[in-house]
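Trainee: Dumping the structure here so I can ask a few things about it.
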Amino acid sequence: MSEWGRYVIEIGMGVDQHGQDPTKAAIKAIKDAITRICTVGLLELFELEFEKDVKAEVIIGVPYPQKVEVEKVKEAIPLPCKKVINVVEGGLKGPGIALKEFGDKTNEMLIAIAFITLHVRRGK
């Protein structure tokens with residue numbers, strides 16, 4: 001019987017300065033975390049069948065979590081693996097500058113935090 005083991009844990013931050021779109025902030029947070037992932041054992045992962053043996057579990061804290069388009073967020077993870085996304089109230093809202101030319105509805109800047117865990121199936 002196989003079990004899942006944690007292989008990578010990384011944190012990222014993303015900001016949507018204009019447009020007040022929590023999905024954009026969440027995607028930027030995931031991409032930020034992914035840019036820092038580098039593990040010595042990563043080559044071993046390429047011997048796995050990603051679709052069956054790898055799972056990305058993501059927790060995203062962002063203002064207005066109910067507005068996040070989860071399917072778009074999944075697309076930000078470049079691996080062909082199972083993707084579990086849990087969006088929760090969190091992150092931060094701060095005052096920026098509202099420019100209607102940039103699509104702003106308010107002066108809010110939205111900040112999202114992504115917590116990514118990459119699980120690998122062991123003991124096949």
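To be explicit about the labels: the chains of the structure tokens are called A, B, and onward in the order shown, and within each one the residues are counted from 1, while ligands get numbers from 1 in the order they are shown.
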Could you list, as a ChimeraX atom specification, every residue within 8 Å of segment 12-25 of chain A, counting only C-alpha atoms and ignoring same-chain residues fewer than 4 positions away?
Mentor: /A:29-34,62-65,67-70,72-73,96,98-99,102-115
Trainee: If you run DSSP on the backbone here, which positions in chain A get alpha helix (DSSP H)? Please write them as a PyMOL selection string.
Mentor: chain A and resi 22-35+42-45+50-53+70-75
Trainee: Of the residues A:Glu75, A:Lys28, A:Gly5, A:Thr117, which is the one nearest to Asp53 of chain A, using only C-alpha atoms?
Mentor: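 Distance minimum relative to Asp53 of chain A lands on A:Gly5.
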Trainee: Could you name the residues that touch Val58 of chain A at 10 Å or less, counting only C-alpha atoms, but leaving out those on the same chain fewer than 3 positions away, as a list in words?
Mentor: Ile9, Glu10, Ile11, Ile30, Lys55, Gly61, Val73, Lys74, Ile77, Lys83, Val84, Ile85, Asn86, Val87, Ala114, Phe115, Ile116, Thr117 and Leu118 of chain A
Trainee: If I take atom CA of Glu47 of chain A and atom CA of Pro80 of chain A, how far is one from the other in Å, to one decimal?
Mentor: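 Answer for the atom CA of Glu47 of chain A to atom CA of Pro80 of chain A separation: 13.6 Å.
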Trainee: How many Å lie between atom CA of Ile37 of chain A and atom CA of Val54 of chain A, rounded to one decimal?
Mentor: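 Atom CA of Val54 of chain A lies 15.3 Å from atom CA of Ile37 of chain A.
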Trainee: Point out the residue among A:Lys52, A:Leu79, A:Glu57, A:Ile27 with the least atom-to-atom distance to Glu3 of chain A, counting only C-alpha atoms.
Mentor: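 Distance minimum relative to Glu3 of chain A lands on A:Lys52.
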Trainee: For a quick check of understanding, using only C-alpha atoms, which of A:Ala76, A:Ala26, A:Leu48, A:Val120 has the smallest distance to Glu89 of chain A?
Mentor: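 So, comparing all the options, the nearest one is A:Ala26.
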Trainee: Mind giving me the straight-line distance from atom CA of Gln66 of chain A to atom CA of Arg36 of chain A in Å, one decimal?
Mentor: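 Value for the atom CA of Gln66 of chain A-atom CA of Arg36 of chain A distance: 27.7 Å.
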Trainee: So that I can check the secondary structure, give me every residue of segment 4-118 of chain A assigned strand (DSSP E) by backbone DSSP, as a PyMOL selection string.
Mentor: chain A and resi 4-16+54-62+82-89+92-95+108-118
Trainee: Which residue gives the smallest distance to Lys82 of chain A among A:Ile59, A:Gly94, A:Phe50, A:Lys100, with only C-alpha atoms counted?
Mentor: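 Counting only C-alpha atoms, the residue closest to Lys82 of chain A is A:Phe50.
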